[in-house]
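K.L.:
For reference, this is work.csv, and it has CSV, C-alpha atoms.
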chain,number,residue,atom,x,y,z
A,1,MET,CA,-132.8,149.1,0.0
A,2,SER,CA,-129.6,148.0,1.6
A,3,MET,CA,-129.3,148.0,5.4
A,4,THR,CA,-126.5,150.0,7.0
A,5,ASN,CA,-124.5,147.9,9.5
A,6,TYR,CA,-123.0,150.0,12.4
A,7,TYR,CA,-121.1,146.9,13.6
A,8,ASN,CA,-119.0,144.9,11.1
A,9,ASP,CA,-116.9,142.1,12.5
A,10,GLU,CA,-114.1,143.0,10.0
A,11,ASP,CA,-113.8,146.3,11.8
A,12,LEU,CA,-112.3,144.5,14.8
A,13,GLU,CA,-109.1,144.0,12.9
A,14,ARG,CA,-109.1,147.7,12.0
A,15,PHE,CA,-108.8,148.7,15.7
A,16,GLY,CA,-105.3,150.0,15.0
A,17,ASP,CA,-106.7,152.6,12.6
A,18,ILE,CA,-107.8,154.6,15.6
A,19,GLY,CA,-104.1,155.2,16.2
A,20,LYS,CA,-103.6,157.1,12.9
A,21,HIS,CA,-104.9,160.4,14.3
A,22,SER,CA,-103.4,160.4,17.8
A,23,PRO,CA,-100.7,157.7,17.7
A,24,GLU,CA,-99.1,158.7,21.0
A,25,LEU,CA,-102.4,158.3,22.9
A,26,PHE,CA,-103.2,155.1,21.1
A,27,LYS,CA,-99.7,153.7,21.9
A,28,LYS,CA,-100.2,154.6,25.6
A,29,PHE,CA,-103.6,152.8,25.6
A,30,MET,CA,-102.2,149.7,23.9
A,31,ASP,CA,-99.2,149.5,26.3
A,32,TRP,CA,-101.6,149.8,29.2
A,33,TYR,CA,-104.1,147.3,27.7
A,34,THR,CA,-101.4,144.8,26.9
A,35,SER,CA,-99.9,145.1,30.4
A,36,ALA,CA,-103.3,144.8,32.1
A,37,LEU,CA,-104.0,141.5,30.3
A,38,GLN,CA,-100.6,139.9,31.2
A,39,PRO,CA,-100.7,137.2,33.8
A,40,GLY,CA,-100.0,138.6,37.3
A,41,ILE,CA,-101.6,137.4,40.6
A,42,LEU,CA,-104.5,136.6,38.3
A,43,SER,CA,-103.9,134.1,35.6
A,44,LYS,CA,-104.5,134.8,31.9
A,45,ARG,CA,-107.5,132.5,32.1
A,46,GLU,CA,-109.0,134.6,34.9
A,47,LYS,CA,-108.3,137.8,33.1
A,48,VAL,CA,-109.9,136.9,29.9
A,49,LEU,CA,-113.0,135.6,31.8
A,50,ILE,CA,-113.2,139.0,33.5
A,51,GLY,CA,-112.9,140.6,30.1
A,52,LEU,CA,-115.7,138.5,28.8
A,53,ALA,CA,-118.0,139.5,31.6
A,54,VAL,CA,-117.2,143.2,31.2
A,55,ALA,CA,-117.7,142.9,27.5
A,56,HIS,CA,-121.3,141.8,28.2
A,57,ALA,CA,-121.8,144.4,30.9
A,58,VAL,CA,-120.8,147.2,28.5
A,59,GLN,CA,-122.5,145.3,25.6
A,60,CYS,CA,-119.6,145.7,23.1
A,61,PRO,CA,-120.0,143.3,20.2
A,62,TYR,CA,-116.3,143.6,19.3
A,63,CYS,CA,-115.2,142.8,22.8
A,64,ILE,CA,-117.7,139.9,23.1
A,65,ASP,CA,-116.3,138.4,19.8
A,66,ALA,CA,-112.7,138.8,20.9
A,67,TYR,CA,-113.1,137.6,24.5
A,68,THR,CA,-115.3,134.6,23.6
A,69,LYS,CA,-112.4,133.4,21.3
A,70,SER,CA,-109.9,134.1,24.1
A,71,CYS,CA,-112.0,132.1,26.6
A,72,LEU,CA,-112.2,129.2,24.1
A,73,GLU,CA,-108.5,129.4,23.5
A,74,GLU,CA,-107.9,129.2,27.3
A,75,GLY,CA,-109.8,125.8,27.2
A,76,MET,CA,-113.1,127.1,28.6
A,77,SER,CA,-116.5,125.8,27.3
A,78,LEU,CA,-119.8,127.5,26.7
A,79,GLU,CA,-120.7,126.5,30.3
A,80,HIS,CA,-117.8,128.7,31.7
A,81,ILE,CA,-118.8,131.5,29.3
A,82,THR,CA,-122.5,131.3,30.2
A,83,GLU,CA,-121.8,131.3,33.9
A,84,ALA,CA,-119.7,134.4,33.5
A,85,VAL,CA,-122.4,136.2,31.5
A,86,HIS,CA,-124.9,135.4,34.3
A,87,VAL,CA,-122.5,137.0,36.8
A,88,ALA,CA,-122.3,140.1,34.6
A,89,SER,CA,-126.0,140.2,34.1
A,90,ALA,CA,-126.8,139.6,37.7
A,91,VAL,CA,-124.5,142.5,38.8
A,92,ARG,CA,-126.1,144.7,36.2
A,93,GLY,CA,-129.6,143.7,37.4
A,94,GLY,CA,-128.5,144.3,41.0
A,95,ALA,CA,-127.2,147.7,40.1
A,96,SER,CA,-130.6,148.7,38.7
A,97,LEU,CA,-132.5,147.1,41.6
A,98,ILE,CA,-130.4,148.8,44.4
A,99,HIS,CA,-131.5,152.1,42.9
A,100,GLY,CA,-135.0,151.2,44.0
A,101,ILE,CA,-133.9,152.5,47.3
A,102,GLN,CA,-133.3,155.9,45.7
A,103,ALA,CA,-137.0,155.8,44.5
A,104,HIS,CA,-138.1,154.8,48.0
A,105,ASN,CA,-136.1,157.7,49.4
A,106,ALA,CA,-137.4,160.2,46.9
A,107,ALA,CA,-141.0,159.1,47.6
A,108,GLY,CA,-140.4,159.3,51.3
A,109,LYS,CA,-139.3,162.9,51.1
A,110,ILE,CA,-142.6,164.0,49.6
A,111,SER,CA,-145.0,161.5,51.2
A,112,LEU,CA,-147.1,161.9,54.3
B,1,MET,CA,-95.2,133.4,3.9
B,2,HIS,CA,-94.9,129.7,3.2
B,3,PHE,CA,-93.6,127.6,6.0
B,4,GLU,CA,-90.5,126.6,4.2
B,5,GLU,CA,-89.6,130.3,3.7
B,6,LYS,CA,-90.4,131.0,7.3
B,7,ILE,CA,-87.9,128.5,8.5
B,8,LEU,CA,-85.2,130.2,6.5
B,9,THR,CA,-85.9,133.5,8.3
B,10,ILE,CA,-85.1,131.7,11.5
B,11,GLN,CA,-82.1,129.5,10.5
B,12,PRO,CA,-79.8,129.4,7.5
B,13,VAL,CA,-80.8,125.8,6.4
B,14,PRO,CA,-84.1,124.0,6.0
B,15,LEU,CA,-85.5,121.8,8.7
B,16,HIS,CA,-83.6,118.5,9.2
B,17,ALA,CA,-84.1,115.5,11.4
B,18,THR,CA,-81.8,115.1,14.4
B,19,GLY,CA,-82.2,111.4,15.0
B,20,ILE,CA,-84.9,108.7,15.1
B,21,GLU,CA,-86.0,108.2,18.7
B,22,ILE,CA,-89.5,106.9,17.7
B,23,LEU,CA,-90.9,104.9,14.9
B,24,GLN,CA,-94.5,106.0,14.5
B,25,VAL,CA,-96.7,103.4,12.7
B,26,ASN,CA,-100.1,104.0,11.3
B,27,LEU,CA,-101.8,100.6,11.2
B,28,GLY,CA,-104.7,101.8,9.0
B,29,TYR,CA,-107.5,104.3,8.7
B,30,ARG,CA,-110.3,102.0,9.8
B,31,CYS,CA,-112.0,103.2,13.0
B,32,ASN,CA,-115.2,102.5,14.9
B,33,MET,CA,-115.7,106.3,15.2
B,34,THR,CA,-116.0,109.2,12.8
B,35,CYS,CA,-114.9,112.2,14.9
B,36,LYS,CA,-115.4,115.6,13.4
B,37,HIS,CA,-111.8,116.8,14.0
B,38,CYS,CA,-110.1,113.6,12.7
B,39,HIS,CA,-107.1,114.5,10.5
B,40,VAL,CA,-107.1,110.9,9.2
B,41,GLN,CA,-110.7,111.0,8.1
B,42,ALA,CA,-110.9,107.6,9.7
B,43,GLY,CA,-114.1,105.6,10.0
B,44,PRO,CA,-115.7,102.2,9.7
B,45,ASP,CA,-115.8,102.3,5.9
B,46,ARG,CA,-112.0,102.8,5.4
B,47,ASP,CA,-110.3,99.7,4.2
B,48,GLU,CA,-106.6,100.9,4.2
B,49,ILE,CA,-105.0,98.5,6.7
B,50,MET,CA,-101.3,97.6,7.1
B,51,ASP,CA,-100.7,94.0,6.1
B,52,ILE,CA,-98.5,91.4,7.8
B,53,ARG,CA,-95.7,92.0,5.4
B,54,ASN,CA,-95.3,95.6,6.3
B,55,ILE,CA,-95.8,94.8,10.0
B,56,GLU,CA,-92.8,92.4,9.7
B,57,GLY,CA,-90.9,95.2,8.0
B,58,VAL,CA,-91.6,97.5,11.0
B,59,LEU,CA,-90.4,94.8,13.4
B,60,SER,CA,-87.2,94.3,11.4
B,61,VAL,CA,-86.5,98.0,11.5
B,62,LEU,CA,-87.1,98.3,15.2
B,63,LYS,CA,-84.8,95.3,16.0
B,64,GLU,CA,-82.0,96.1,13.5
B,65,ASN,CA,-81.7,99.7,14.5
B,66,ARG,CA,-82.5,99.5,18.2
B,67,ILE,CA,-85.2,102.2,18.0
B,68,LYS,CA,-86.4,102.5,21.6
B,69,THR,CA,-90.0,103.5,21.1
B,70,LEU,CA,-92.8,102.3,18.9
B,71,ASP,CA,-95.8,104.7,18.6
B,72,ILE,CA,-98.8,103.0,17.1
B,73,THR,CA,-101.7,105.0,15.7
B,74,GLY,CA,-104.5,104.8,13.2
B,75,GLY,CA,-107.6,104.9,12.8
B,76,ALA,CA,-108.2,102.7,15.7
B,77,PRO,CA,-105.0,100.6,15.5
B,78,GLU,CA,-106.6,97.8,17.6
B,79,LEU,CA,-108.8,97.0,14.5
B,80,ASN,CA,-105.7,95.8,12.6
B,81,PRO,CA,-105.6,92.0,12.9
B,82,GLY,CA,-101.8,92.2,13.3
B,83,PHE,CA,-101.9,94.8,16.2
B,84,ARG,CA,-101.4,92.3,19.0
B,85,TYR,CA,-98.6,90.5,17.2
B,86,LEU,CA,-96.8,93.9,16.6
B,87,VAL,CA,-97.1,95.0,20.2
B,88,GLU,CA,-95.9,91.7,21.6
B,89,GLU,CA,-93.0,91.3,19.3
B,90,ALA,CA,-91.9,94.9,19.9
B,91,ARG,CA,-92.1,94.4,23.6
B,92,HIS,CA,-90.0,91.2,23.3
B,93,ALA,CA,-87.5,93.3,21.4
B,94,GLY,CA,-87.3,95.6,24.4
B,95,CYS,CA,-89.2,98.5,22.8
B,96,HIS,CA,-91.4,100.9,24.8
B,97,VAL,CA,-94.8,100.8,23.1
B,98,ILE,CA,-97.3,103.6,22.9
B,99,ALA,CA,-100.8,103.1,21.5
B,100,ARG,CA,-103.0,106.0,20.5
B,101,SER,CA,-106.4,104.7,21.6
B,102,ASN,CA,-109.9,106.3,21.1
B,103,LEU,CA,-111.1,104.6,24.4
B,104,THR,CA,-114.4,103.4,22.8
B,105,ILE,CA,-112.8,100.6,20.8
B,106,PHE,CA,-112.8,98.4,24.0
B,107,TYR,CA,-116.5,97.7,23.6
B,108,GLU,CA,-116.3,96.5,19.9
B,109,PRO,CA,-116.6,92.8,19.1
B,110,GLY,CA,-113.4,90.9,19.5
B,111,MET,CA,-111.9,93.5,21.9
B,112,GLU,CA,-113.0,91.8,25.1
B,113,ASP,CA,-109.4,91.0,26.1
B,114,LEU,CA,-108.0,94.5,25.2
B,115,PHE,CA,-107.8,95.8,28.8
B,116,ASP,CA,-105.8,92.7,29.9
B,117,PHE,CA,-103.7,92.8,26.7
B,118,TYR,CA,-102.7,96.4,27.2
B,119,SER,CA,-102.0,95.9,30.9
B,120,ARG,CA,-100.0,92.6,30.4
B,121,ASN,CA,-97.8,94.3,27.8
B,122,ASN,CA,-97.5,97.5,29.8
B,123,VAL,CA,-98.4,99.6,26.8
B,124,GLU,CA,-98.4,103.3,27.3
B,125,ILE,CA,-101.8,104.7,26.3
B,126,ILE,CA,-102.3,108.1,24.8
B,127,ALA,CA,-106.1,108.7,24.6
B,128,SER,CA,-108.2,111.3,22.9
B,129,LEU,CA,-110.6,113.0,25.4
B,130,PRO,CA,-111.4,116.4,23.9
B,131,TYR,CA,-113.0,117.7,27.1
B,132,PHE,CA,-114.1,116.7,30.6
B,133,ARG,CA,-117.8,117.4,29.9
B,134,GLU,CA,-120.2,115.0,28.2
B,135,ALA,CA,-121.9,117.4,25.8
B,136,ASP,CA,-118.6,118.8,24.4
B,137,VAL,CA,-117.1,115.4,23.8
B,138,ASP,CA,-120.2,113.9,22.3
B,139,ASN,CA,-120.6,116.8,20.0
B,140,VAL,CA,-117.1,116.1,18.5
B,141,ARG,CA,-117.0,112.3,18.8
B,142,GLY,CA,-120.6,111.1,18.6
B,143,ASN,CA,-123.3,110.3,21.1
B,144,GLY,CA,-122.3,108.1,23.9
B,145,ALA,CA,-118.6,108.6,23.3
B,146,PHE,CA,-118.0,110.4,26.6
B,147,ARG,CA,-119.7,107.7,28.8
B,148,ARG,CA,-117.9,104.9,27.1
B,149,SER,CA,-114.6,106.8,27.4
B,150,ILE,CA,-115.1,107.4,31.1
B,151,ASN,CA,-115.9,103.7,31.7
B,152,THR,CA,-112.7,102.7,29.9
B,153,LEU,CA,-110.6,105.2,31.9
B,154,GLN,CA,-112.1,103.8,35.2
B,155,LYS,CA,-111.3,100.3,34.2
B,156,LEU,CA,-107.8,101.3,33.1
B,157,ASN,CA,-107.3,103.0,36.5
B,158,ASN,CA,-108.2,99.8,38.2
B,159,LEU,CA,-105.5,98.0,36.2
B,160,GLY,CA,-102.9,100.5,37.4
B,161,TYR,CA,-103.1,103.0,34.5
B,162,GLY,CA,-102.7,106.5,35.7
B,163,ASN,CA,-100.5,105.1,38.5
B,164,ASP,CA,-97.7,102.7,37.6
B,165,LYS,CA,-98.7,102.4,34.0
B,166,LYS,CA,-98.7,105.4,31.7
B,167,LEU,CA,-102.0,107.0,30.7
B,168,ASN,CA,-102.0,110.4,29.0
B,169,LEU,CA,-104.9,112.3,27.6
B,170,VAL,CA,-105.2,114.6,24.6
B,171,TYR,CA,-107.2,117.8,24.4
B,172,ASN,CA,-108.0,119.2,20.9
B,173,PRO,CA,-109.9,122.5,20.6
B,174,PRO,CA,-113.5,121.8,19.5
B,175,GLY,CA,-113.4,124.5,16.7
B,176,ALA,CA,-111.3,126.9,14.7
B,177,PHE,CA,-109.2,128.2,17.6
B,178,LEU,CA,-105.9,127.4,19.2
B,179,PRO,CA,-105.5,125.2,22.3
B,180,PRO,CA,-104.6,126.6,25.7
B,181,SER,CA,-101.3,125.8,27.3
B,182,GLN,CA,-101.1,122.5,29.0
B,183,ALA,CA,-100.7,124.2,32.4
B,184,ALA,CA,-103.9,126.3,31.9
B,185,ILE,CA,-106.2,123.4,31.6
B,186,GLU,CA,-104.6,120.3,33.0
B,187,GLU,CA,-105.5,121.1,36.6
B,188,GLU,CA,-109.1,121.6,35.7
B,189,TYR,CA,-109.2,118.3,33.8
B,190,ARG,CA,-107.6,116.5,36.7
B,191,ARG,CA,-110.0,118.1,39.3
B,192,GLU,CA,-113.2,117.5,37.3
B,193,LEU,CA,-112.4,113.9,36.2
B,194,LYS,CA,-111.4,113.0,39.7
B,195,ARG,CA,-114.3,114.7,41.4
B,196,ASN,CA,-117.0,113.5,38.9
B,197,PHE,CA,-115.7,110.1,37.9
B,198,ASP,CA,-112.8,109.2,40.1
B,199,VAL,CA,-110.5,109.1,37.1
B,200,SER,CA,-106.8,109.7,37.2
B,201,PHE,CA,-104.2,110.2,34.5
B,202,HIS,CA,-100.6,111.3,34.2
B,203,SER,CA,-100.5,114.2,31.7
B,204,LEU,CA,-102.8,116.1,29.5
B,205,TYR,CA,-101.4,117.1,26.1
B,206,THR,CA,-103.0,120.1,24.4
B,207,PHE,CA,-102.7,119.8,20.6
B,208,ALA,CA,-103.8,122.2,17.9
B,209,ASN,CA,-106.0,120.8,15.2
B,210,MET,CA,-104.1,120.6,11.9
B,211,PRO,CA,-105.8,122.0,8.9
B,212,VAL,CA,-105.8,118.5,7.4
B,213,GLY,CA,-108.5,115.9,6.8
B,214,ARG,CA,-112.0,116.2,8.3
B,215,PHE,CA,-111.0,119.3,10.3
B,216,ARG,CA,-109.8,121.0,7.1
B,217,GLU,CA,-113.2,120.2,5.5
B,218,PHE,CA,-114.9,121.8,8.5
B,219,LEU,CA,-112.7,125.0,8.1
B,220,ILE,CA,-113.6,125.3,4.5
B,221,ARG,CA,-117.3,124.6,5.0
B,222,SER,CA,-117.6,127.1,7.9
B,223,LYS,CA,-115.5,129.7,6.0
B,224,ASN,CA,-112.8,129.7,8.7
B,225,TYR,CA,-109.9,128.2,6.7
B,226,ASP,CA,-108.1,131.5,5.8
B,227,LYS,CA,-108.6,132.9,9.3
B,228,TYR,CA,-107.4,129.7,11.0
B,229,LEU,CA,-104.3,129.6,8.8
B,230,ARG,CA,-103.6,133.2,9.6
B,231,LYS,CA,-104.1,132.4,13.3
B,232,LEU,CA,-101.5,129.6,13.1
B,233,THR,CA,-99.0,131.7,11.1
B,234,ASP,CA,-99.4,134.6,13.5
B,235,ALA,CA,-98.7,132.3,16.4
B,236,PHE,CA,-95.5,130.9,14.9
B,237,ASN,CA,-93.0,130.3,17.7
B,238,PRO,CA,-89.4,129.5,16.6
B,239,GLU,CA,-88.7,127.9,20.0
B,240,THR,CA,-90.9,125.0,19.0
B,241,LEU,CA,-88.5,124.0,16.2
B,242,GLN,CA,-86.0,122.2,18.4
B,243,GLY,CA,-88.5,119.8,19.9
B,244,ILE,CA,-90.8,119.4,16.9
B,245,MET,CA,-91.9,115.8,16.4
B,246,CYS,CA,-90.8,115.3,12.8
B,247,ARG,CA,-87.1,115.9,13.8
B,248,HIS,CA,-87.2,112.9,16.1
B,249,ILE,CA,-89.4,110.3,14.4
B,250,VAL,CA,-90.1,108.5,11.2
B,251,ASN,CA,-93.8,107.9,10.4
B,252,VAL,CA,-94.8,104.7,8.5
B,253,GLY,CA,-98.0,104.6,6.5
B,254,TRP,CA,-100.3,101.6,6.3
B,255,ASP,CA,-98.7,100.6,2.9
B,256,GLY,CA,-95.2,100.9,4.2
B,257,THR,CA,-94.5,104.4,2.8
B,258,LEU,CA,-92.3,106.6,5.0
B,259,TYR,CA,-93.3,110.1,6.0
B,260,ASP,CA,-92.0,112.8,8.4
B,261,CYS,CA,-95.2,112.8,10.5
B,262,ASP,CA,-98.8,111.6,10.4
B,263,PHE,CA,-100.1,114.9,9.1
B,264,ASN,CA,-97.7,114.7,6.1
B,265,GLN,CA,-99.0,111.2,5.6
B,266,MET,CA,-102.6,112.5,5.4
B,267,SER,CA,-101.4,115.3,3.0
B,268,GLY,CA,-99.7,112.7,0.8
B,269,LEU,CA,-96.3,114.4,1.5
B,270,LYS,CA,-93.7,111.6,1.6
B,271,VAL,CA,-90.1,112.0,2.9
B,272,SER,CA,-88.1,114.2,0.7
B,273,ASP,CA,-86.7,113.0,-2.7
B,274,GLY,CA,-83.5,111.1,-2.5
B,275,TYR,CA,-84.2,109.4,0.9
B,276,PRO,CA,-85.5,105.9,1.4
B,277,ARG,CA,-89.3,106.0,1.0
B,278,THR,CA,-90.6,102.6,2.1
B,279,ILE,CA,-90.1,100.5,5.3
B,280,ARG,CA,-88.4,97.9,3.1
B,281,ASP,CA,-85.7,100.5,2.1
B,282,PHE,CA,-85.3,101.9,5.6
B,283,ASP,CA,-81.8,103.2,6.3
B,284,TYR,CA,-81.4,104.6,9.8
B,285,HIS,CA,-78.2,106.6,9.1
B,286,VAL,CA,-79.6,108.2,6.0
B,287,LEU,CA,-83.0,109.0,7.5
B,288,ALA,CA,-81.7,110.2,10.8
B,289,GLY,CA,-80.4,113.4,9.2
B,290,ARG,CA,-82.9,113.7,6.4
B,291,ARG,CA,-84.3,117.0,5.2
B,292,ILE,CA,-87.9,117.3,6.5
B,293,ALA,CA,-90.6,117.7,3.9
B,294,VAL,CA,-92.8,120.7,4.9
B,295,ASP,CA,-95.9,122.5,3.8
B,296,ASP,CA,-98.1,125.2,5.3
B,297,HIS,CA,-100.0,122.8,7.5
B,298,CYS,CA,-96.7,122.6,9.5
B,299,TYR,CA,-97.6,125.9,11.1
B,300,GLY,CA,-100.0,123.8,13.2
B,301,CYS,CA,-97.1,122.2,15.0
B,302,THR,CA,-95.2,125.5,15.6
B,303,ALA,CA,-98.1,127.7,16.8
B,304,GLY,CA,-97.9,128.9,20.4
B,305,GLN,CA,-96.3,126.3,22.7
B,306,GLY,CA,-96.3,123.8,19.9
B,307,SER,CA,-98.0,120.5,19.3
B,308,THR,CA,-95.9,117.4,19.3
Would you mind writing the file's structure down as C-alpha cells?

P.N.:
Amino acid sequence: MSMTNYYNDEDLERFGDIGKHSPELFKKFMDWYTSALQPGILSKREKVLIGLAVAHAVQCPYCIDAYTKSCLEEGMSLEHITEAVHVASAVRGGASLIHGIQAHNAAGKISL
Amino acid sequence: MHFEEKILTIQPVPLHATGIEILQVNLGYRCNMTCKHCHVQAGPDRDEIMDIRNIEGVLSVLKENRIKTLDITGGAPELNPGFRYLVEEARHAGCHVIARSNLTIFYEPGMEDLFDFYSRNNVEIIASLPYFREADVDNVRGNGAFRRSINTLQKLNNLGYGNDKKLNLVYNPPGAFLPPSQAAIEEEYRRELKRNFDVSFHSLYTFANMPVGRFREFLIRSKNYDKYLRKLTDAFNPETLQGIMCRHIVNVGWDGTLYDCDFNQMSGLKVSDGYPRTIRDFDYHVLAGRRIAVDDHCYGCTAGQGST
C-alpha cells in the first residue's frame, strides 16, 4: 500500500499555482511578501533569520526548507540556524508556560 | 538556455577579452589536501606538474609583454620545484605576484622557509578559508585543516601580512547553494577571526562553487546537479559581464596550454579555435581581443554579484 504524502518538496515550486484562482489577491500577497523581505533597517541576513525562526514556530516544512537555504546563502552555519531554532522554541515554550498563570487563576476562583 | 545564447540576449556579439592584465598560471594539480569542493580535483596522487621549460615560457611572456600581474595557482603551487624560481624571476621583472595558497602547505617537508620566502618577495596571498569555524572548515578540507590554517594566518600576520602585505581570504559555500555578498559576511569573518584567534586580513572574497571537478561529482552524487545549475542560471546577472575574470586574464595550464580561465582548464575547454593555444605561441595582441570560449559552467561566474 502506498503512503500518501501531504508534504512534497516539489510543491514548494508550485506556490504560484495558488494565484490561479484569485490572481489579484495573490499578487497583493507577493508584493507585500517581497517588500517585507527587502533590506531596510534590518539587513537581508537578519530578515531571513527571523523567517527561519518563524518557520519553526509555525512548523511549516516548506518555509523551513526555503529559509534554511536562505540562511546558508547568507553565509550562516548550522550553529546560527540552531541558535535561531532555540529562540523560536524557547518563545513557544514560554508562551505555553505563561498560561500556567491562567490555570492558577482559574483554580484560585474555585478554591477555598 | 545555454550560456552562449544567454550572452547574445544581452549583447549583439559573443564575449570577448578586453585586454590581458593578469597571467594566471596553474603550476600543477598536486596538492597536500583533497578538499571536497576542489574544482581541480587536486591531491597528493596527481602528477601533472608544470616543467621548467613551460615556466621559462611563462617568464618570457611576462617580460616581453609587460604583463603587470602573475597569479599562481594549483593544486598547491608551492609543491612545484620551479615555484620559487618563477616567483623570484617575476618579481625581478617588476611583476606583482599573487599566490593562491591553501595555508596548510607550510607544514609539509621542504616548506620550512615558505613564510620567509613569501614575505621577502612580498607575494600577495589569496588563501582558501571556507569558514571561520573549525567544524565547517574541517568538514570540507579534512581534519586539522582549520587549526593549521589559523596557525599559518597568525604567523603571516606577524610578518606583516594583513597589514602592509596583502592577505585576502576566500569563502566558498559548503554545499549546493550560492554564496552571500561579500558585505554580508566579511564583517562577521573579521570579528570572529580577530576575537577568537587575533587574525587580521584585508578582504574576503565570496566565490560560488563552479559545477566542475570534485564539486560537480558531489552535485551529481547528491542529486543536486540540475537544481544547482538552475539556481546559477536563475541568478544570472548581466552586470557581472564587464568585470568577469576571463576578459582580463589568460590562464596557462601545467603543460603550457592556454585557457580563458582555470574552470575552462578543468573542463578541457581551450582558448577558441584560431587563437594561439600554447605559451610558446603566445601573442599578446591577438589574445588580448580573443573570443572567450564558454560553456554552461560559466553561469557560475555570472550568478548574483559574480565570482571573479

K.L.:
Identify which of the residues A:Ala107, A:Leu25, A:Ala95, A:Ile50 lies closest to Glu83 in chain A, counting all atoms listed in the file when measuring atom-to-atom distances.

P.N.:
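The answer is A:Ile50, which sits nearest to Glu83 in chain A.
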
K.L.:
Determine the nearest neighbour of chain B from the options A:Glu74, A:Glu79, A:Asp11, A:Glu46, counting all atoms listed in the file.

P.N.:
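Checking each of A:Glu74, A:Glu79, A:Asp11, A:Glu46 against chain B, counting all atoms listed in the file, the winner is A:Glu74.
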
K.L.:
When you draw a straight line from CA of Phe146 in chain B to CA of Tyr228 in chain B, how long is it in Å?

P.N.:
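Taking CA of Phe146 in chain B as the start and CA of Tyr228 in chain B as the end point, the length is 27.0 Å.
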
K.L.:
Could you check which of A:Ser96, A:Ser70, A:Thr82, A:Ser89 is closest to chain B, using all atoms listed in the file?

P.N.:
A:Ser70

K.L.:
Hey, which bits of chain B sit within 6 Å of chain A, and for each residue what's the closest pair of atoms and how far apart in Å (one decimal), counting only C-alpha atoms, rows by chain and increasing number, as a tab-separated table?

P.N.:
residue	atom	partner	partner_atom	distance
B:Leu178	CA	A:Glu73	CA	5.4
B:Pro179	CA	A:Glu73	CA	5.3
B:Pro180	CA	A:Glu74	CA	4.5

K.L.:
Applying 10 Å and only C-alpha atoms, which residues near Phe197 in chain B remain after dropping the ones on its own chain fewer than 3 positions away? List them as a PyMOL selection string.

P.N.:
chain B and resi 132+150-151+153-154+191-194+200

K.L.:
By how many Å are CA of Thr240 in chain B and CA of Thr302 in chain B apart?

P.N.:
5.5 Å

K.L.:
Would you work out the distance separating CA of Leu12 in chain A from CA of His86 in chain A, expressed in Å to one decimal?

P.N.:
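About the pair CA of Leu12 in chain A and CA of His86 in chain A: they are 24.9 Å apart.
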
K.L.:
With only C-alpha atoms as the atoms that count, which of B:Leu103, B:Met50, B:Leu167, B:Val140 lies nearest to Ser119 in chain B?

P.N.:
B:Leu167

K.L.:
Anything within 12 Å of (-106.1, 93.9, 28.1): list those residues as a count of residues only, counting all atoms listed in the file and sticking to the file's coordinates.

P.N.:
27

K.L.:
What lies within 7 Å of Ile72 in chain B using only C-alpha atoms, ignoring chain neighbours under 4 positions off, as a ChimeraX atom specification?

P.N.:
/B:24-26,77,98-100

K.L.:
Go through B:Val58, B:Val97, B:Leu70, B:Ala90 and flag the residue nearest Thr257 in chain B, using all atoms listed in the file for the distances.

P.N.:
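Ranking B:Val58, B:Val97, B:Leu70, B:Ala90 by distance to Thr257 in chain B, first place goes to B:Val58.
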
K.L.:
Could you name the residues that touch Arg14 in chain A at 12 Å or less, counting all atoms listed in the file, but leaving out those on the same chain fewer than 6 positions away, as a PyMOL selection string?

P.N.:
chain A and resi 8+20+62

K.L.:
Which is closer to Ser272 in chain B than all the others in B:Glu108, B:Asp295, B:Glu186, B:Asp255, using only C-alpha atoms?

P.N.:
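Nearest to Ser272 in chain B: B:Asp295.
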
K.L.:
So that I can check the surroundings of Gly28 in chain B, please list as a PyMOL selection string every protein, DNA and RNA residue that reaches within 12 Å of it, counting only C-alpha atoms and ignoring chain neighbours fewer than 3 positions away.

P.N.:
chain B and resi 25+31+40-51+54-55+72-83+252-256+262+265-266

K.L.:
Name the residues in contact with Leu52 in chain A at a cut-off of 8 Å, using only C-alpha atoms, excluding same-chain residues fewer than 5 positions from it; report them as a ChimeraX atom specification.

P.N.:
/A:63-64,67-68,71,81,84-85

K.L.:
For the selection you just gave me, I'd like the residues written to a file as a PDB file, keeping the file's coordinate frame, keeping C-alpha atoms.

P.N.:
ATOM      1  CA  CYS A  63    -115.200 142.800  22.800  1.00  0.00           C
ATOM      2  CA  ILE A  64    -117.700 139.900  23.100  1.00  0.00           C
ATOM      3  CA  TYR A  67    -113.100 137.600  24.500  1.00  0.00           C
ATOM      4  CA  THR A  68    -115.300 134.600  23.600  1.00  0.00           C
ATOM      5  CA  CYS A  71    -112.000 132.100  26.600  1.00  0.00           C
ATOM      6  CA  ILE A  81    -118.800 131.500  29.300  1.00  0.00           C
ATOM      7  CA  ALA A  84    -119.700 134.400  33.500  1.00  0.00           C
ATOM      8  CA  VAL A  85    -122.400 136.200  31.500  1.00  0.00           C
TER       9      VAL A  85
END

K.L.:
Can I get range 48-54 of chain A with N, CA and C atoms filled in, as an mmCIF file, keeping the file's coordinate frame?

P.N.:
data_model
loop_
_atom_site.group_PDB
_atom_site.id
_atom_site.type_symbol
_atom_site.label_atom_id
_atom_site.label_comp_id
_atom_site.auth_asym_id
_atom_site.auth_seq_id
_atom_site.Cartn_x
_atom_site.Cartn_y
_atom_site.Cartn_z
ATOM 1 N N VAL A 48 -109.092 136.819 31.056
ATOM 2 C CA VAL A 48 -109.900 136.900 29.900
ATOM 3 C C VAL A 48 -111.418 136.596 30.244
ATOM 4 N N LEU A 49 -111.625 135.850 31.331
ATOM 5 C CA LEU A 49 -113.000 135.600 31.800
ATOM 6 C C LEU A 49 -113.606 136.942 32.338
ATOM 7 N N ILE A 50 -112.783 137.704 33.055
ATOM 8 C CA ILE A 50 -113.200 139.000 33.500
ATOM 9 C C ILE A 50 -113.548 139.894 32.285
ATOM 10 N N GLY A 51 -112.650 139.847 31.294
ATOM 11 C CA GLY A 51 -112.900 140.600 30.100
ATOM 12 C C GLY A 51 -114.176 140.251 29.397
ATOM 13 N N LEU A 52 -114.482 138.963 29.372
ATOM 14 C CA LEU A 52 -115.700 138.500 28.800
ATOM 15 C C LEU A 52 -116.949 139.074 29.517
ATOM 16 N N ALA A 53 -116.875 139.016 30.836
ATOM 17 C CA ALA A 53 -118.000 139.500 31.600
ATOM 18 C C ALA A 53 -118.189 141.013 31.446
ATOM 19 N N VAL A 54 -117.080 141.743 31.448
ATOM 20 C CA VAL A 54 -117.200 143.200 31.200
ATOM 21 C C VAL A 54 -117.700 143.493 29.846
#
